[in-house]
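Below: coords-v9.txt (compact mmCIF, C-alpha atoms)
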```txt
# COMPACT_ATOMS: atom_id res chain seq x y z
CA MET C 1 2.79 12.45 -0.55
CA SER C 2 1.96 16.13 -0.73
CA THR C 3 4.49 16.98 1.97
CA LEU C 4 7.20 15.32 -0.06
CA ALA C 5 5.99 17.16 -3.16
CA HIS C 6 6.43 20.52 -1.44
CA ILE C 7 9.89 19.54 -0.16
CA PHE C 8 11.10 18.14 -3.45
CA GLU C 9 9.93 21.16 -5.44
CA ALA C 10 11.79 23.45 -3.06
CA GLU C 11 14.91 21.40 -3.77
CA GLY C 12 14.54 21.79 -7.55
CA LEU C 13 12.60 18.67 -8.55
CA ALA C 14 9.38 18.92 -10.53
CA THR C 15 6.73 16.66 -9.02
CA ILE C 16 3.33 15.23 -9.80
CA ALA C 17 1.43 13.82 -6.82
CA LEU C 18 -1.33 11.30 -7.33
CA GLY C 19 -4.00 11.24 -4.65
CA SER C 20 -6.89 8.89 -3.95
CA ILE C 21 -8.62 10.99 -1.28
CA LYS C 22 -10.01 14.24 -2.63
CA ASN C 23 -10.16 16.34 0.52
CA GLN C 24 -6.67 15.25 1.47
CA ILE C 25 -5.00 16.23 -1.78
CA GLU C 26 -7.01 19.46 -1.93
CA THR C 27 -6.06 20.58 1.57
CA THR C 28 -2.40 19.61 1.30
CA ALA C 29 -2.23 21.26 -2.12
CA PRO C 30 0.84 19.77 -3.79
CA PRO C 31 2.29 21.91 -6.60
CA ARG C 32 0.86 19.51 -9.18
CA GLY C 33 -1.84 17.22 -7.85
CA LEU C 34 -4.03 14.73 -9.69
CA TRP C 35 -6.97 13.31 -7.77
CA CYS C 36 -7.93 9.89 -9.07
CA ASP C 37 -11.10 8.53 -7.51
CA PHE C 38 -9.72 5.02 -7.21
CA PRO C 39 -9.79 2.66 -4.23
CA LEU C 40 -7.09 3.03 -1.62
CA GLY C 41 -4.11 0.88 -2.54
CA ARG C 42 -4.63 1.22 -6.29
CA PRO C 43 -3.37 4.69 -7.29
CA LEU C 44 -2.91 3.65 -10.92
CA GLY C 45 -6.41 2.19 -10.99
CA VAL C 46 -6.53 -1.27 -12.50
CA PRO C 47 -3.97 -4.02 -11.93
CA GLY C 48 -2.84 -5.68 -15.13
CA ASP C 49 -4.43 -3.07 -17.39
CA ARG C 50 -1.51 -1.46 -19.19
CA ASP C 51 -3.66 0.90 -21.26
CA PHE C 52 -5.61 2.15 -18.25
CA GLN C 53 -2.41 2.82 -16.33
CA HIS C 54 -0.95 4.67 -19.31
CA ARG C 55 -3.99 6.92 -19.53
CA VAL C 56 -3.58 7.86 -15.88
CA LEU C 57 0.11 8.55 -16.38
CA SER C 58 -0.58 10.60 -19.50
CA LYS C 59 -2.96 12.83 -17.57
CA ALA C 60 -0.47 13.14 -14.73
CA LEU C 61 2.39 14.10 -17.04
CA GLU C 62 0.18 16.70 -18.74
CA LEU C 63 0.29 18.68 -15.51
CA LEU C 64 3.95 19.43 -16.18
CA ASP C 65 2.80 21.79 -18.94
CA SER C 66 1.18 24.12 -16.42
CA PRO C 67 3.19 27.29 -15.72
CA GLU C 68 1.87 27.43 -12.18
CA PRO C 69 0.62 25.08 -9.43
CA ILE C 70 -2.30 23.01 -10.61
CA PHE C 71 -4.88 20.59 -9.24
CA ALA C 72 -6.79 18.31 -11.56
CA GLU C 73 -9.32 15.53 -11.31
CA TYR C 74 -9.07 12.36 -13.37
CA ASP C 75 -12.24 11.87 -15.35
CA VAL C 76 -12.73 8.16 -14.68
CA ALA C 77 -13.72 6.88 -11.24
CA ILE C 78 -13.50 3.36 -9.87
CA VAL C 79 -16.02 3.10 -7.09
CA ASP C 80 -16.09 0.31 -4.55
CA ASP C 81 -19.59 0.04 -3.11
CA GLY C 82 -18.64 -2.47 -0.47
CA THR C 83 -20.63 -5.35 -1.88
CA GLU C 84 -18.25 -7.47 -3.95
CA VAL C 85 -16.72 -10.32 -2.03
CA LEU C 86 -14.11 -12.59 -3.51
CA ALA C 87 -15.68 -15.90 -4.45
CA CYS C 88 -13.27 -18.77 -4.34
CA PRO C 89 -13.49 -22.43 -3.38
CA MET C 90 -12.28 -23.21 0.11
CA PRO C 91 -10.47 -26.39 1.11
CA ALA C 92 -12.62 -29.06 2.68
CA ARG C 93 -12.22 -29.77 6.37
CA TYR C 94 -9.28 -32.16 6.65
CA ASP C 95 -8.35 -32.65 10.29
CA PRO C 96 -11.36 -32.42 12.61
CA ASP C 97 -9.06 -32.40 15.61
CA LEU C 98 -7.68 -28.99 14.67
CA PRO C 99 -9.49 -25.70 15.25
CA PRO C 100 -11.39 -24.84 12.03
CA ALA C 101 -9.24 -21.76 11.35
CA VAL C 102 -6.01 -23.72 11.69
CA ASP C 103 -7.28 -26.53 9.48
CA GLU C 104 -8.40 -23.91 6.95
CA ALA C 105 -5.02 -22.16 6.92
CA ASN C 106 -3.22 -25.45 6.43
CA GLY C 107 -5.57 -26.33 3.59
CA LEU C 108 -4.82 -23.05 1.81
CA ARG C 109 -1.07 -23.63 1.75
CA PRO C 110 -0.92 -25.18 -1.75
CA ALA C 111 -2.87 -22.24 -3.17
CA TYR C 112 -0.60 -19.82 -1.32
CA GLU C 113 2.48 -21.45 -2.82
CA ARG C 114 0.98 -21.34 -6.32
CA ALA C 115 0.27 -17.62 -5.95
CA ILE C 116 3.78 -16.95 -4.65
CA SER C 117 5.18 -18.88 -7.58
CA GLU C 118 3.17 -16.81 -10.05
CA TYR C 119 3.38 -13.32 -8.55
CA GLY C 120 6.15 -13.40 -5.96
CA ASN C 121 5.65 -12.72 -2.27
CA ARG C 122 4.64 -9.08 -2.46
CA VAL C 123 2.07 -8.85 0.33
CA GLY C 124 1.95 -12.37 1.77
CA ALA C 125 3.34 -13.75 5.00
CA GLY C 126 6.88 -13.00 6.10
CA ARG C 127 6.89 -9.58 7.73
CA THR C 128 6.76 -11.10 11.21
CA VAL C 129 5.27 -14.54 10.67
CA GLN C 130 6.56 -16.89 8.00
CA ALA C 131 4.09 -19.04 6.08
CA ASP C 132 5.17 -22.10 8.06
CA ASP C 133 4.11 -20.35 11.27
CA ILE C 134 0.73 -18.92 10.20
CA ALA C 135 -1.16 -21.78 11.86
CA ALA C 136 0.64 -21.19 15.16
CA ALA C 137 -0.15 -17.47 14.95
CA ILE C 138 -3.83 -18.25 14.43
CA GLU C 139 -3.75 -20.59 17.43
CA ALA C 140 -2.31 -17.75 19.51
CA PHE C 141 -5.14 -15.44 18.45
CA ILE C 142 -7.65 -18.17 19.35
CA ARG C 143 -6.23 -18.11 22.87
CA VAL C 144 -6.55 -14.32 22.93
CA ALA C 145 -10.16 -14.57 21.78
CA ASP C 146 -10.75 -17.07 24.60
CA GLY C 147 -9.49 -14.59 27.17
CA THR C 148 -5.74 -15.11 27.49
CA PRO C 149 -3.88 -11.77 27.65
CA TRP C 150 -2.15 -11.32 24.32
CA LYS C 151 1.31 -11.11 25.88
CA GLU C 152 0.75 -14.53 27.45
CA ALA C 153 -0.87 -16.13 24.43
CA GLY C 154 2.23 -16.68 22.32
CA VAL C 155 1.37 -14.05 19.72
CA PRO C 156 4.59 -14.01 17.68
CA GLY C 157 4.97 -10.25 17.38
CA ILE C 158 3.02 -7.02 17.46
CA PRO C 159 -0.62 -8.12 16.95
CA ALA C 160 -1.23 -5.70 14.08
CA ARG C 161 1.74 -7.05 12.14
CA VAL C 162 0.82 -10.66 12.91
CA SER C 163 -2.73 -10.00 11.74
CA GLN C 164 -1.35 -8.38 8.58
CA ASP C 165 0.68 -11.50 7.82
CA ILE C 166 -2.36 -13.75 8.28
CA ARG C 167 -4.47 -11.49 6.07
CA GLY C 168 -1.66 -11.35 3.51
CA TYR C 169 -1.35 -15.14 3.53
CA TYR C 170 -5.07 -15.51 2.86
CA GLU C 171 -5.36 -12.74 0.27
CA THR C 172 -2.35 -14.13 -1.58
CA ALA C 173 -3.76 -17.67 -1.51
CA ALA C 174 -7.04 -16.31 -2.84
CA LEU C 175 -5.31 -15.01 -5.96
CA ALA C 176 -4.62 -18.62 -6.94
CA LEU C 177 -8.15 -19.77 -6.10
CA SER C 178 -10.11 -17.06 -7.87
CA ASP C 179 -10.69 -17.19 -11.60
CA HIS C 180 -10.44 -13.41 -11.99
CA ALA C 181 -8.51 -10.47 -10.59
CA PRO C 182 -10.42 -9.39 -7.49
CA SER C 183 -11.73 -5.86 -7.26
CA ALA C 184 -10.33 -3.69 -4.50
CA TRP C 185 -11.28 -4.78 -0.98
CA ALA C 186 -13.03 -7.95 -2.23
CA GLY C 187 -10.22 -10.06 -0.80
CA THR C 188 -10.26 -8.22 2.51
CA ARG C 189 -14.01 -8.61 2.91
CA TRP C 190 -13.67 -12.29 2.06
CA PHE C 191 -10.95 -12.75 4.66
CA LEU C 192 -12.65 -10.85 7.45
CA ASP C 193 -16.22 -12.03 6.91
CA HIS C 194 -16.03 -15.40 5.21
CA THR C 195 -13.02 -17.23 6.57
CA GLU C 196 -12.50 -18.88 9.91
CA ALA C 197 -9.17 -17.14 10.37
CA GLY C 198 -10.71 -13.74 9.71
CA LYS C 199 -13.31 -14.41 12.37
CA VAL C 200 -10.54 -15.41 14.81
CA VAL C 201 -8.62 -12.18 14.13
CA MET C 202 -11.73 -10.08 14.69
CA ALA C 203 -12.63 -12.00 17.86
CA ALA C 204 -9.11 -11.55 19.24
CA ARG C 205 -9.23 -7.85 18.40
CA GLN C 206 -12.54 -7.48 20.22
CA ALA C 207 -11.25 -9.43 23.21
CA MET C 208 -8.22 -7.13 23.46
CA ALA C 209 -10.44 -4.06 23.24
CA ASP C 210 -12.76 -5.45 25.91
CA ALA C 211 -9.77 -6.22 28.13
CA GLY C 212 -8.71 -2.59 28.04
CA GLU C 213 -5.52 -3.08 26.06
CA MET C 214 -4.09 0.09 24.57
CA GLN C 215 -6.03 1.01 21.45
CA PRO C 216 -3.07 1.08 19.04
CA ILE C 217 -2.24 -2.50 19.98
CA TRP C 218 -5.53 -3.95 18.75
CA PHE C 219 -7.04 -1.28 16.51
CA TYR C 220 -4.71 -1.82 13.56
CA MET C 221 -5.43 -5.55 13.41
CA ALA C 222 -8.19 -4.73 10.91
CA PRO C 223 -9.22 -1.77 8.76
CA GLY C 224 -10.25 1.12 10.94
CA ASP C 225 -13.89 1.19 9.91
CA ARG C 226 -14.36 -2.22 11.54
CA MET B 1 -17.01 -2.06 4.65
CA ALA B 2 -16.51 0.05 1.54
CA ASP B 3 -13.60 2.07 0.24
CA SER B 4 -15.51 5.26 1.00
CA ASP B 5 -15.85 4.24 4.66
CA VAL B 6 -12.09 3.94 5.01
CA LYS B 7 -11.48 7.20 3.17
CA ALA B 8 -13.96 8.94 5.45
CA MET B 9 -11.75 8.16 8.44
CA THR B 10 -9.21 10.67 7.14
CA ALA B 11 -11.69 13.54 7.08
CA ASN B 12 -10.67 14.95 10.43
CA LEU B 13 -6.94 14.47 10.14
CA ASP B 14 -4.94 17.67 10.33
CA ALA B 15 -3.29 18.57 7.06
CA ILE B 16 0.12 20.16 7.05
CA GLU B 17 0.00 23.54 5.36
CA PHE B 18 2.85 25.25 3.56
CA GLU B 19 2.88 29.04 3.53
CA GLU B 20 4.17 29.10 0.00
CA THR B 21 3.92 26.56 -2.78
CA ALA B 22 7.37 25.84 -4.15
CA PHE B 23 7.37 25.34 -7.89
CA THR B 24 10.09 24.01 -10.15
CA VAL B 25 9.76 24.47 -13.89
CA PRO B 26 10.61 21.09 -15.43
CA VAL B 27 12.89 20.41 -18.35
CA PRO B 28 11.09 19.22 -21.51
CA LEU B 29 9.49 15.86 -20.75
CA ALA B 30 11.29 14.13 -23.61
CA GLU B 31 14.57 15.07 -21.93
CA ALA B 32 13.52 14.42 -18.34
CA LYS B 33 14.80 11.66 -16.11
CA VAL B 34 11.80 10.42 -14.13
CA ALA B 35 11.79 8.71 -10.74
CA ILE B 36 8.96 7.27 -8.68
CA VAL B 37 8.62 8.07 -5.00
CA THR B 38 5.92 6.12 -3.23
CA SER B 39 4.52 6.24 0.28
CA ALA B 40 3.66 2.54 0.06
CA SER B 41 6.57 1.43 2.29
CA LEU B 42 7.97 -0.76 -0.46
CA HIS B 43 11.38 -2.29 -0.04
CA HIS B 44 13.53 -5.06 -1.44
CA PRO B 45 13.28 -8.29 0.57
CA GLU B 46 16.86 -8.05 1.81
CA ASP B 47 16.45 -4.46 2.99
CA GLU B 48 15.27 -3.42 6.43
CA ASP B 49 11.53 -3.57 6.93
CA PHE B 50 9.72 -0.38 7.93
CA SER B 51 9.00 0.12 11.62
CA PRO B 52 5.60 1.50 12.77
CA MET B 53 6.58 5.18 12.77
CA ASP B 54 9.49 4.94 10.37
CA THR B 55 10.24 8.35 8.89
CA GLY B 56 13.13 7.18 6.74
CA TYR B 57 13.16 5.99 3.18
CA ARG B 58 14.30 2.90 1.32
CA VAL B 59 15.99 2.94 -2.07
CA LEU B 60 14.18 0.91 -4.73
CA LYS B 61 16.44 -0.23 -7.51
CA SER B 62 14.95 -0.58 -10.96
CA GLU B 63 16.18 -4.19 -10.92
CA PRO B 64 15.33 -6.64 -9.50
CA ARG B 65 11.64 -5.75 -9.25
CA ASP B 66 11.14 -7.93 -6.21
CA TYR B 67 9.49 -5.19 -4.15
CA VAL B 68 7.50 -6.17 -1.07
CA MET B 69 4.92 -4.13 0.82
CA GLY B 70 6.13 -3.11 4.26
CA HIS B 71 3.25 -0.78 5.14
CA TRP B 72 1.80 -1.04 8.66
CA SER B 73 -1.60 0.36 7.83
CA PRO B 74 -4.44 -2.10 7.25
CA ASN B 75 -6.45 0.63 5.57
CA PHE B 76 -5.89 -0.08 1.91
CA ASP B 77 -6.33 -2.88 -0.57
CA ALA B 78 -3.08 -4.78 -1.11
CA THR B 79 -4.25 -7.27 -3.73
CA GLY B 80 -3.82 -4.78 -6.57
CA PHE B 81 -0.11 -4.56 -5.83
CA ALA B 82 0.05 -8.33 -5.30
CA LEU B 83 -1.26 -8.86 -8.81
CA ASP B 84 0.69 -6.09 -10.53
CA ILE B 85 3.39 -3.87 -9.04
CA ASN B 86 2.46 -1.17 -11.54
CA THR B 87 -0.82 -0.59 -9.71
CA VAL B 88 1.29 1.26 -7.11
CA PHE B 89 4.75 1.54 -8.63
CA PRO B 90 4.40 1.99 -12.40
CA ILE B 91 7.97 1.18 -13.30
CA ASP B 92 7.08 -0.94 -16.35
CA ARG B 93 4.90 1.87 -17.66
CA LEU B 94 7.74 4.38 -17.30
CA ASP B 95 10.05 2.04 -19.18
CA GLU B 96 7.52 1.95 -22.01
CA LEU B 97 7.24 5.74 -22.04
CA ALA B 98 11.02 6.02 -22.22
CA ALA B 99 11.18 3.50 -25.06
CA GLU B 100 8.63 5.59 -26.97
CA GLY B 101 10.62 8.75 -26.33
CA ILE B 102 7.80 10.38 -24.38
CA ILE B 103 10.03 10.75 -21.34
CA GLY B 104 13.78 11.04 -21.49
CA SER B 105 14.76 8.19 -19.21
CA VAL B 106 13.83 6.30 -16.06
CA ALA B 107 15.94 6.65 -12.93
CA GLU B 108 17.93 3.63 -11.85
CA GLU B 109 16.90 4.15 -8.24
CA HIS B 110 13.64 5.28 -6.72
CA LEU B 111 12.44 5.90 -3.17
CA ALA B 112 9.82 4.58 -0.80
CA TYR B 113 8.59 6.23 2.39
CA ALA B 114 5.99 5.09 4.91
CA GLY B 115 2.78 7.01 4.40
CA ASN B 116 1.13 6.30 7.74
CA GLN B 117 2.65 9.24 9.57
CA PHE B 118 1.02 11.46 12.15
CA ASP B 119 4.09 13.59 12.87
CA LEU B 120 5.63 14.81 9.65
CA SER B 121 8.31 17.00 11.19
CA ALA B 122 11.12 14.45 10.73
CA ILE B 123 10.21 13.95 7.10
CA ARG B 124 9.93 17.68 6.57
CA MET B 125 13.23 18.50 8.25
CA ASP B 126 15.34 15.42 7.59
CA SER B 127 14.39 12.49 5.37
CA GLY B 128 12.44 14.56 2.83
CA PRO B 129 15.35 16.87 1.98
CA ALA B 130 17.73 13.89 2.14
CA GLY B 131 15.59 12.03 -0.39
CA ALA B 132 15.56 15.07 -2.66
CA LYS B 133 19.34 15.29 -2.44
CA PHE B 134 19.62 11.59 -3.32
CA LEU B 135 17.46 12.07 -6.39
CA LYS B 136 19.24 15.25 -7.46
CA GLU B 137 22.57 13.41 -7.28
CA GLN B 138 21.09 10.99 -9.79
CA GLU B 139 20.17 13.93 -12.01
CA VAL B 140 16.47 13.19 -11.68
CA ASP B 141 14.28 15.95 -13.12
CA VAL B 142 10.70 14.78 -12.49
CA VAL B 143 9.25 12.78 -9.60
CA LEU B 144 5.98 10.88 -9.77
CA LEU B 145 4.56 10.52 -6.26
CA THR B 146 2.23 7.58 -5.64
CA PRO B 147 0.29 6.77 -2.46
CA VAL B 148 -1.57 3.67 -1.36
```
Show me, as structure tokens, the structure contained in the file I just sent.
Amino acid sequence: MSTLAHIFEAEGLATIALGSIKNQIETTAPPRGLWCDFPLGRPLGVPGDRDFQHRVLSKALELLDSPEPIFAEYDVAIVDDGTEVLACPMPARYDPDLPPAVDEANGLRPAYERAISEYGNRVGAGRTVQADDIAAAIEAFIRVADGTPWKEAGVPGIPARVSQDIRGYYETAALALSDHAPSAWAGTRWFLDHTEAGKVVMAARQAMADAGEMQPIWFYMAPGDR
Amino acid sequence: MADSDVKAMTANLDAIEFEETAFTVPVPLAEAKVAIVTSASLHHPEDEDFSPMDTGYRVLKSEPRDYVMGHWSPNFDATGFALDINTVFPIDRLDELAAEGIIGSVAEEHLAYAGNQFDLSAIRMDSGPAGAKFLKEQEVDVVLLTPV
């Protein structure tokens, strides 16, 4: 963002750059930078909170009054301490002949469709794997976790993108199952740690790492701190 | 896994440094046309998805607001955007500011880049200036830059 700010200002556009990572926005020093200590992915802070978002924008627009480059810190922080996990009811086991993760994904389909109907498909499946093919993608990762090289396992695309679609499918479905807007990362922690599909993705990622696959192929299947 | 753990991974990334800080004095805010430029890799469903090291940009029309997230990085929360586009792309909020007369107007077209870049030279030399030219041709005065 800061690089674009420098370029745009040089071309005659006034800019205000929001930043969520303090050391990053400080070192890249955009002409007008506002550090907001909010979770990554939520630069305006709180989804669905019009007043909160307006307060952030008001502070950002204030920076235009400065006659020289300026860096400011927003005075409200939203801190994720890593403990909140999305709590939502999971579908009961339906077909015992299917792998648990596949049965689970199939069971979440109605919730996924309800969420798509309400919010649109903003982050769900469809980049590489359509919703109809999520179960097959999970089956491919099960084969990877069991030792099949990923290129021979039927993974329907670059593993990181396939993993992103599975995660997006689950996190979207969860929006329809939860009775409140999840805090940042709560859906990701739920997917990775509390769902069968999340465990499959992590097991496949580990199997690829253990097999000596190139790091970029498996690393981006999950957040980098995992 | 906490947000701070993911942020900490960026601590050792090299930051691009500019020898001079360019600075444009804006027109009065109440007269300014404002655009949003995000590094969230947003695009309309019918537009080309972002590739892993995509240094180009996509044009985001003000309507329809059917934006989808095309980012390749797994290192941010996406549910905020899933619930409310304004969490990343505050287009509804800008409309409200324009209706109140706080800003002059909202651009009809905005831009999205992919933020997960290790080599910024193409953006610095090519797509960044091209994006600025696109916005200038729309008579945009002020750009709000939002990350994910």
**OP:** Just give me the gap between CA of Pro64 in chain B and CA of Ser39 in chain B in Å, one decimal is fine.
**Re:**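 Separation between CA of Pro64 in chain B and CA of Ser39 in chain B: 19.5 Å.
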Original post:
Near range 55-68 of chain C, within 12 Å and counting all atoms listed in the file, which residues show up once chain neighbours fewer than 6 positions away are dropped, as a ChimeraX atom specification?
Top reply: /C:13-19,30-38,42-46,49,74-77 /B:21-30,32,34,36,86-94,96-97,102-103,141-146
Original post:
How far is it from CA of Tyr67 in chain B to CA of Asp49 in chain B, in Å with one decimal?
Top reply: 11.4 Å
**OP:** Restrict the distance test to only C-alpha atoms, flag each residue of chain C within 7 Å of chain B, and return the flagged residues as a PyMOL selection string.
**Re:** chain C and resi 1+4+6-19+21+27-28+31+39-48+54+64+69+80-82+119+121-123+161+171+184-185+220+222-225
Residues of the last selection are to be written out with C-alpha atoms, as an mmCIF file, keeping the file's coordinate frame.
```
data_model
loop_
_atom_site.group_PDB
_atom_site.id
_atom_site.type_symbol
_atom_site.label_atom_id
_atom_site.label_comp_id
_atom_site.auth_asym_id
_atom_site.auth_seq_id
_atom_site.Cartn_x
_atom_site.Cartn_y
_atom_site.Cartn_z
ATOM 1 C CA MET C 1 2.790 12.450 -0.550
ATOM 2 C CA LEU C 4 7.200 15.320 -0.060
ATOM 3 C CA HIS C 6 6.430 20.520 -1.440
ATOM 4 C CA ILE C 7 9.890 19.540 -0.160
ATOM 5 C CA PHE C 8 11.100 18.140 -3.450
ATOM 6 C CA GLU C 9 9.930 21.160 -5.440
ATOM 7 C CA ALA C 10 11.790 23.450 -3.060
ATOM 8 C CA GLU C 11 14.910 21.400 -3.770
ATOM 9 C CA GLY C 12 14.540 21.790 -7.550
ATOM 10 C CA LEU C 13 12.600 18.670 -8.550
ATOM 11 C CA ALA C 14 9.380 18.920 -10.530
ATOM 12 C CA THR C 15 6.730 16.660 -9.020
ATOM 13 C CA ILE C 16 3.330 15.230 -9.800
ATOM 14 C CA ALA C 17 1.430 13.820 -6.820
ATOM 15 C CA LEU C 18 -1.330 11.300 -7.330
ATOM 16 C CA GLY C 19 -4.000 11.240 -4.650
ATOM 17 C CA ILE C 21 -8.620 10.990 -1.280
ATOM 18 C CA THR C 27 -6.060 20.580 1.570
ATOM 19 C CA THR C 28 -2.400 19.610 1.300
ATOM 20 C CA PRO C 31 2.290 21.910 -6.600
ATOM 21 C CA PRO C 39 -9.790 2.660 -4.230
ATOM 22 C CA LEU C 40 -7.090 3.030 -1.620
ATOM 23 C CA GLY C 41 -4.110 0.880 -2.540
ATOM 24 C CA ARG C 42 -4.630 1.220 -6.290
ATOM 25 C CA PRO C 43 -3.370 4.690 -7.290
ATOM 26 C CA LEU C 44 -2.910 3.650 -10.920
ATOM 27 C CA GLY C 45 -6.410 2.190 -10.990
ATOM 28 C CA VAL C 46 -6.530 -1.270 -12.500
ATOM 29 C CA PRO C 47 -3.970 -4.020 -11.930
ATOM 30 C CA GLY C 48 -2.840 -5.680 -15.130
ATOM 31 C CA HIS C 54 -0.950 4.670 -19.310
ATOM 32 C CA LEU C 64 3.950 19.430 -16.180
ATOM 33 C CA PRO C 69 0.620 25.080 -9.430
ATOM 34 C CA ASP C 80 -16.090 0.310 -4.550
ATOM 35 C CA ASP C 81 -19.590 0.040 -3.110
ATOM 36 C CA GLY C 82 -18.640 -2.470 -0.470
ATOM 37 C CA TYR C 119 3.380 -13.320 -8.550
ATOM 38 C CA ASN C 121 5.650 -12.720 -2.270
ATOM 39 C CA ARG C 122 4.640 -9.080 -2.460
ATOM 40 C CA VAL C 123 2.070 -8.850 0.330
ATOM 41 C CA ARG C 161 1.740 -7.050 12.140
ATOM 42 C CA GLU C 171 -5.360 -12.740 0.270
ATOM 43 C CA ALA C 184 -10.330 -3.690 -4.500
ATOM 44 C CA TRP C 185 -11.280 -4.780 -0.980
ATOM 45 C CA TYR C 220 -4.710 -1.820 13.560
ATOM 46 C CA ALA C 222 -8.190 -4.730 10.910
ATOM 47 C CA PRO C 223 -9.220 -1.770 8.760
ATOM 48 C CA GLY C 224 -10.250 1.120 10.940
ATOM 49 C CA ASP C 225 -13.890 1.190 9.910
#
```
Residues around (0.0, -18.4, 24.5), cut-off 12 Å, counting all atoms listed in the file - what are they as a short mmCIF file (atom, residue, chain, number, x, y, z; two decimals) with C-alpha atoms, in the coordinates of the input?
```
data_model
loop_
_atom_site.label_atom_id
_atom_site.label_comp_id
_atom_site.auth_asym_id
_atom_site.auth_seq_id
_atom_site.Cartn_x
_atom_site.Cartn_y
_atom_site.Cartn_z
CA ALA C 136 0.64 -21.19 15.16
CA ALA C 137 -0.15 -17.47 14.95
CA ILE C 138 -3.83 -18.25 14.43
CA GLU C 139 -3.75 -20.59 17.43
CA ALA C 140 -2.31 -17.75 19.51
CA PHE C 141 -5.14 -15.44 18.45
CA ILE C 142 -7.65 -18.17 19.35
CA ARG C 143 -6.23 -18.11 22.87
CA VAL C 144 -6.55 -14.32 22.93
CA ALA C 145 -10.16 -14.57 21.78
CA ASP C 146 -10.75 -17.07 24.60
CA GLY C 147 -9.49 -14.59 27.17
CA THR C 148 -5.74 -15.11 27.49
CA PRO C 149 -3.88 -11.77 27.65
CA TRP C 150 -2.15 -11.32 24.32
CA LYS C 151 1.31 -11.11 25.88
CA GLU C 152 0.75 -14.53 27.45
CA ALA C 153 -0.87 -16.13 24.43
CA GLY C 154 2.23 -16.68 22.32
CA VAL C 155 1.37 -14.05 19.72
CA PRO C 156 4.59 -14.01 17.68
CA GLY C 157 4.97 -10.25 17.38
#
```
